[in-house]
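Enquirer: Can you read through this structure? Questions will come right after.
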Amino acid sequence: MSVQVRQATVHDLDTLVPLFDGYRQFYGRPSDPEGARAFLRARFAHHESVILLALDAEGAGLGFTQLYPLFSSVRMVRTYLLNDMFVSPQARRQGVAAALLREAAAHARALGAASLSLSTALDNAPAQALYESLGWERDRQFCEYTLRL
């Protein structure tokens, strides 16, 4: 499959919304295309994230990843959190996720970032195998905690 990955813009909302809505449904959330559109539009309007969009040869959306900028105070560097990644069911196991991950790394490097980070479910062995095959290293030093507000 031919896959093109490029940075999305607000003009890509019609392609992104079904993918983002599918991503949320994958995690057990109800479908909400209008909410998805509003959320994505706000990210673009406030320059709060970078969304990379995977397209097939005809321009149809195959998947996306969303990167949020972070900073490491200790290292005094920019980093990115790869917070969201989704590949449509019909495009899975065809290299789309790997293409998105490679482009995310290239994009972050080009902006001078020192690292990318992500989290995945402990039982998501296929994703973990993909990440590790592309050079991602599992953190064995820190535990991650969340405070719900």
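In the structure tokens, the first chain shown is A, the next is B, and so on; residue numbers restart at 1 for each chain, and ligands run from 1 in the order shown.
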Could you write out, as a ChimeraX atom specification, all the residues of chain A that DSSP marks as helix (DSSP H, G or I)?
Expert: /A:10-26,33-45,89-91,96-110,125-133
Enquirer: Sorted by chain and rising residue number, list the residues of stretch 63-98 of chain A at most 12 Å from stretch 42-46 of chain A (counting only C-alpha atoms), each with its closest atom pair and distance in Å to one decimal, as JSON lines.
Expert:
{"residue": "A:Gln66", "atom": "CA", "partner": "A:Arg43", "partner_atom": "CA", "distance": 10.0}
{"residue": "A:Leu67", "atom": "CA", "partner": "A:Arg43", "partner_atom": "CA", "distance": 10.7}
{"residue": "A:Tyr68", "atom": "CA", "partner": "A:Arg43", "partner_atom": "CA", "distance": 9.7}
{"residue": "A:Pro69", "atom": "CA", "partner": "A:Arg43", "partner_atom": "CA", "distance": 11.9}
Enquirer: Could you write out that same residue set with all heavy atoms as a short mmCIF file (atom, residue, chain, number, x, y, z; two decimals), in the first residue's frame?
Expert:
data_model
loop_
_atom_site.label_atom_id
_atom_site.label_comp_id
_atom_site.auth_asym_id
_atom_site.auth_seq_id
_atom_site.Cartn_x
_atom_site.Cartn_y
_atom_site.Cartn_z
N GLN A 66 -1.19 12.37 16.84
CA GLN A 66 -1.21 13.74 17.37
C GLN A 66 -0.10 13.88 18.40
O GLN A 66 0.02 13.08 19.33
CB GLN A 66 -2.57 14.05 18.01
CG GLN A 66 -2.69 15.48 18.46
CD GLN A 66 -4.13 15.91 18.70
OE1 GLN A 66 -4.42 17.08 18.56
NE2 GLN A 66 -5.03 15.02 19.02
N LEU A 67 0.72 14.90 18.20
CA LEU A 67 1.86 15.17 19.07
C LEU A 67 1.60 16.46 19.85
O LEU A 67 1.19 17.46 19.28
CB LEU A 67 3.13 15.37 18.24
CG LEU A 67 3.48 14.29 17.22
CD1 LEU A 67 4.67 14.73 16.38
CD2 LEU A 67 3.74 12.97 17.91
N TYR A 68 1.88 16.39 21.15
CA TYR A 68 1.76 17.57 22.00
C TYR A 68 3.15 17.98 22.47
O TYR A 68 3.92 17.13 22.95
CB TYR A 68 0.88 17.28 23.22
CG TYR A 68 -0.58 17.13 22.87
CD1 TYR A 68 -1.15 15.88 22.72
CD2 TYR A 68 -1.38 18.25 22.71
CE1 TYR A 68 -2.49 15.74 22.40
CE2 TYR A 68 -2.72 18.12 22.39
CZ TYR A 68 -3.27 16.87 22.24
OH TYR A 68 -4.59 16.73 21.93
N PRO A 69 3.49 19.27 22.36
CA PRO A 69 4.82 19.71 22.81
C PRO A 69 4.90 19.73 24.34
O PRO A 69 3.96 20.10 25.03
CB PRO A 69 4.93 21.13 22.24
CG PRO A 69 3.52 21.59 22.07
CD PRO A 69 2.70 20.36 21.79
#
Enquirer: Got a sec: who's within 9 Å of stretch 115-120 of chain A, counting only C-alpha atoms, leaving out chain neighbours fewer than 4 positions off, as an MDAnalysis selection string?
Expert: chainID A and resid 67 77:84 104:105 108:109 124 127:128 136
Enquirer: If I take atom CA of A:Leu16 and atom CA of A:Ala121, how far is one from the other in Å, to one decimal?
Expert: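 Straight-line distance from atom CA of A:Leu16 to atom CA of A:Ala121 works out to 23.6 Å.
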Enquirer: Tell me, counting only C-alpha atoms, for each residue of stretch 21-81 of chain A within 7 Å of stretch 87-93 of chain A, which pair of atoms is nearest and how far apart they are in Å to one decimal, in rows ordered by chain and increasing number, as CSV.
Expert:
residue,atom,partner,partner_atom,distance
A:Leu62,CA,A:Ser88,CA,5.6
A:Gly63,CA,A:Val87,CA,4.1
A:Phe64,CA,A:Val87,CA,6.7
Enquirer: I want to know what sits within 10 Å of A:Phe20, based on only C-alpha atoms, with residues of the same chain fewer than 2 positions away left out; could you give that as a ChimeraX atom specification?
Expert: /A:13,15-18,22-26,31-33,36-37,39-40,63-66,84-88
Enquirer: Since we have the selection now, will you write its residues out, keeping N, CA and C atoms, as a short mmCIF file (atom, residue, chain, number, x, y, z; two decimals), in the first residue's frame?
Expert:
data_model
loop_
_atom_site.label_atom_id
_atom_site.label_comp_id
_atom_site.auth_asym_id
_atom_site.auth_seq_id
_atom_site.Cartn_x
_atom_site.Cartn_y
_atom_site.Cartn_z
N LEU A 13 -9.97 18.82 8.29
CA LEU A 13 -10.92 18.37 9.29
C LEU A 13 -11.89 17.31 8.75
N THR A 15 -11.38 14.99 6.69
CA THR A 15 -10.67 13.70 6.67
C THR A 15 -10.35 13.23 8.07
N LEU A 16 -9.96 14.15 8.95
CA LEU A 16 -9.55 13.81 10.30
C LEU A 16 -10.69 13.40 11.22
N VAL A 17 -11.82 14.07 11.11
CA VAL A 17 -12.91 13.84 12.06
C VAL A 17 -13.33 12.37 12.13
N PRO A 18 -13.58 11.68 11.01
CA PRO A 18 -13.97 10.26 11.14
C PRO A 18 -12.87 9.40 11.76
N GLY A 22 -13.29 7.54 15.27
CA GLY A 22 -13.01 6.11 15.35
C GLY A 22 -12.02 5.80 16.45
N TYR A 23 -11.03 6.65 16.62
CA TYR A 23 -10.04 6.49 17.69
C TYR A 23 -10.73 6.51 19.05
N ARG A 24 -11.59 7.49 19.25
CA ARG A 24 -12.30 7.60 20.53
C ARG A 24 -13.21 6.39 20.76
N GLN A 25 -13.87 5.93 19.70
CA GLN A 25 -14.73 4.76 19.84
C GLN A 25 -13.91 3.52 20.18
N PHE A 26 -12.70 3.41 19.63
CA PHE A 26 -11.80 2.30 19.94
C PHE A 26 -11.55 2.22 21.45
N SER A 31 -19.66 7.71 19.79
CA SER A 31 -19.41 8.52 18.61
C SER A 31 -19.87 9.95 18.86
N ASP A 32 -19.05 10.92 18.48
CA ASP A 32 -19.37 12.33 18.63
C ASP A 32 -18.60 13.13 17.59
N PRO A 33 -19.01 13.02 16.32
CA PRO A 33 -18.27 13.73 15.27
C PRO A 33 -18.20 15.24 15.48
N ALA A 36 -15.69 15.91 18.13
CA ALA A 36 -14.36 15.66 17.57
C ALA A 36 -13.91 16.85 16.73
N ARG A 37 -14.82 17.35 15.90
CA ARG A 37 -14.49 18.50 15.05
C ARG A 37 -14.12 19.72 15.90
N PHE A 39 -13.03 19.78 19.02
CA PHE A 39 -11.76 19.53 19.72
C PHE A 39 -10.57 19.75 18.79
N LEU A 40 -10.63 19.15 17.61
CA LEU A 40 -9.53 19.29 16.66
C LEU A 40 -9.39 20.73 16.18
N GLY A 63 -5.07 7.07 8.68
CA GLY A 63 -4.77 7.15 10.10
C GLY A 63 -4.15 8.49 10.44
N PHE A 64 -3.90 8.67 11.72
CA PHE A 64 -3.29 9.93 12.18
C PHE A 64 -2.54 9.68 13.48
N THR A 65 -1.69 10.61 13.81
CA THR A 65 -1.10 10.69 15.14
C THR A 65 -1.07 12.15 15.55
N GLN A 66 -1.19 12.37 16.84
CA GLN A 66 -1.21 13.74 17.37
C GLN A 66 -0.10 13.88 18.40
N ASP A 84 -1.90 10.45 20.69
CA ASP A 84 -2.95 9.74 19.96
C ASP A 84 -2.37 9.12 18.70
N MET A 85 -2.76 7.89 18.42
CA MET A 85 -2.44 7.29 17.13
C MET A 85 -3.55 6.31 16.79
N PHE A 86 -4.01 6.39 15.55
CA PHE A 86 -5.10 5.53 15.11
C PHE A 86 -4.91 5.22 13.63
N VAL A 87 -5.14 3.97 13.29
CA VAL A 87 -5.16 3.53 11.89
C VAL A 87 -6.51 2.89 11.67
N SER A 88 -7.19 3.28 10.59
CA SER A 88 -8.52 2.71 10.30
C SER A 88 -8.40 1.20 10.16
#
Enquirer: Just want the 10 Å neighbourhood of A:Gly59, counted on only C-alpha atoms, with same-chain residues fewer than 4 positions away dropped. Output as a list in words.
Expert: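 Non-adjacent residues within range: Val3, Gln4, Thr15, Ala54 and Leu55 of chain A.
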Enquirer: Quick one, how far is atom CA of A:Val5 from atom CA of A:Leu100?
Expert: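 Pair atom CA of A:Val5 / atom CA of A:Leu100 returns 6.5 Å.
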Enquirer: From a DSSP pass on the backbone, collect the residues of stretch 2-146 of chain A flagged as strand (DSSP E) and hand them back as a compact mmCIF listing (two decimals) with N, CA, C and O atoms, in the first residue's frame.
Expert:
# COMPACT_ATOMS: atom_id res chain seq x y z
N GLN A 4 1.20 8.13 2.16
CA GLN A 4 1.82 9.45 2.28
C GLN A 4 1.46 9.99 3.65
O GLN A 4 0.29 9.94 4.06
N VAL A 5 2.44 10.49 4.39
CA VAL A 5 2.20 11.10 5.69
C VAL A 5 2.62 12.55 5.60
O VAL A 5 3.72 12.86 5.15
N ARG A 6 1.73 13.43 6.03
CA ARG A 6 2.04 14.86 6.03
C ARG A 6 1.37 15.52 7.22
O ARG A 6 0.45 14.96 7.82
N GLN A 7 1.83 16.73 7.53
CA GLN A 7 1.22 17.48 8.63
C GLN A 7 -0.16 17.96 8.19
O GLN A 7 -0.34 18.50 7.10
N VAL A 50 0.49 19.01 16.98
CA VAL A 50 0.83 18.72 15.59
C VAL A 50 0.13 17.42 15.24
O VAL A 50 0.26 16.43 15.97
N ILE A 51 -0.63 17.43 14.18
CA ILE A 51 -1.33 16.23 13.74
C ILE A 51 -0.73 15.80 12.42
O ILE A 51 -0.64 16.59 11.47
N LEU A 52 -0.29 14.56 12.37
CA LEU A 52 0.23 13.97 11.15
C LEU A 52 -0.83 13.04 10.60
O LEU A 52 -1.42 12.24 11.33
N LEU A 53 -1.08 13.16 9.31
CA LEU A 53 -2.16 12.45 8.65
C LEU A 53 -1.59 11.51 7.59
O LEU A 53 -0.78 11.92 6.77
N ALA A 54 -2.02 10.25 7.65
CA ALA A 54 -1.61 9.25 6.65
C ALA A 54 -2.73 9.14 5.61
O ALA A 54 -3.90 8.97 5.95
N LEU A 55 -2.33 9.21 4.34
CA LEU A 55 -3.27 9.17 3.23
C LEU A 55 -2.86 8.09 2.24
O LEU A 55 -1.67 7.83 2.06
N GLY A 61 -8.10 9.20 3.96
CA GLY A 61 -7.44 9.12 5.26
C GLY A 61 -7.31 7.68 5.73
O GLY A 61 -8.28 6.93 5.74
N LEU A 62 -6.10 7.32 6.14
CA LEU A 62 -5.82 5.97 6.65
C LEU A 62 -5.59 5.97 8.15
O LEU A 62 -5.84 4.98 8.82
N GLY A 63 -5.07 7.07 8.68
CA GLY A 63 -4.77 7.15 10.10
C GLY A 63 -4.15 8.49 10.44
O GLY A 63 -3.93 9.32 9.57
N PHE A 64 -3.90 8.67 11.72
CA PHE A 64 -3.29 9.93 12.18
C PHE A 64 -2.54 9.68 13.48
O PHE A 64 -2.74 8.67 14.15
N THR A 65 -1.69 10.61 13.81
CA THR A 65 -1.10 10.69 15.14
C THR A 65 -1.07 12.15 15.55
O THR A 65 -0.98 13.05 14.70
N GLN A 66 -1.19 12.37 16.84
CA GLN A 66 -1.21 13.74 17.37
C GLN A 66 -0.10 13.88 18.40
O GLN A 66 0.02 13.08 19.33
N LEU A 67 0.72 14.90 18.20
CA LEU A 67 1.86 15.17 19.07
C LEU A 67 1.60 16.46 19.85
O LEU A 67 1.19 17.46 19.28
N TYR A 68 1.88 16.39 21.15
CA TYR A 68 1.76 17.57 22.00
C TYR A 68 3.15 17.98 22.47
O TYR A 68 3.92 17.13 22.95
N PRO A 69 3.49 19.27 22.36
CA PRO A 69 4.82 19.71 22.81
C PRO A 69 4.90 19.73 24.34
O PRO A 69 3.96 20.10 25.03
N LEU A 70 6.04 19.28 24.82
CA LEU A 70 6.36 19.30 26.25
C LEU A 70 7.79 19.81 26.38
O LEU A 70 8.52 19.93 25.39
N PHE A 71 8.20 20.05 27.61
CA PHE A 71 9.56 20.49 27.86
C PHE A 71 10.09 19.76 29.09
O PHE A 71 9.36 19.52 30.03
N SER A 72 11.36 19.39 29.04
CA SER A 72 12.02 18.78 30.18
C SER A 72 12.83 19.87 30.87
O SER A 72 13.80 20.38 30.30
N VAL A 77 15.20 20.86 27.47
CA VAL A 77 14.96 20.55 26.07
C VAL A 77 13.47 20.42 25.80
O VAL A 77 12.67 20.22 26.71
N ARG A 78 13.13 20.53 24.53
CA ARG A 78 11.78 20.27 24.06
C ARG A 78 11.63 18.77 23.84
O ARG A 78 12.54 18.11 23.36
N THR A 79 10.47 18.26 24.19
CA THR A 79 10.10 16.88 23.89
C THR A 79 8.68 16.89 23.33
O THR A 79 8.01 17.93 23.36
N TYR A 80 8.24 15.78 22.81
CA TYR A 80 6.86 15.66 22.35
C TYR A 80 6.23 14.42 22.95
O TYR A 80 6.88 13.38 23.08
N LEU A 81 4.97 14.54 23.29
CA LEU A 81 4.15 13.42 23.72
C LEU A 81 3.34 12.96 22.52
O LEU A 81 2.56 13.74 21.96
N LEU A 82 3.56 11.74 22.10
CA LEU A 82 2.75 11.15 21.05
C LEU A 82 1.51 10.60 21.76
O LEU A 82 1.52 9.52 22.32
N ASN A 83 0.47 11.42 21.81
CA ASN A 83 -0.68 11.13 22.65
C ASN A 83 -1.72 10.25 21.96
O ASN A 83 -2.36 9.44 22.61
N ASP A 84 -1.90 10.45 20.69
CA ASP A 84 -2.95 9.74 19.96
C ASP A 84 -2.37 9.12 18.70
O ASP A 84 -1.60 9.78 17.99
N MET A 85 -2.76 7.89 18.42
CA MET A 85 -2.44 7.29 17.13
C MET A 85 -3.55 6.31 16.79
O MET A 85 -3.97 5.52 17.63
N PHE A 86 -4.01 6.39 15.55
CA PHE A 86 -5.10 5.53 15.11
C PHE A 86 -4.91 5.22 13.63
O PHE A 86 -4.58 6.10 12.85
N VAL A 87 -5.14 3.97 13.29
CA VAL A 87 -5.16 3.53 11.89
C VAL A 87 -6.51 2.89 11.67
O VAL A 87 -6.96 2.06 12.48
N SER A 115 13.36 14.12 22.40
CA SER A 115 12.74 12.81 22.49
C SER A 115 11.24 12.88 22.20
O SER A 115 10.64 13.95 22.22
N LEU A 116 10.70 11.71 21.97
CA LEU A 116 9.25 11.49 21.88
C LEU A 116 8.91 10.50 22.99
O LEU A 116 9.71 9.62 23.31
N SER A 117 7.72 10.62 23.55
CA SER A 117 7.27 9.62 24.52
C SER A 117 5.82 9.25 24.20
O SER A 117 5.10 10.00 23.53
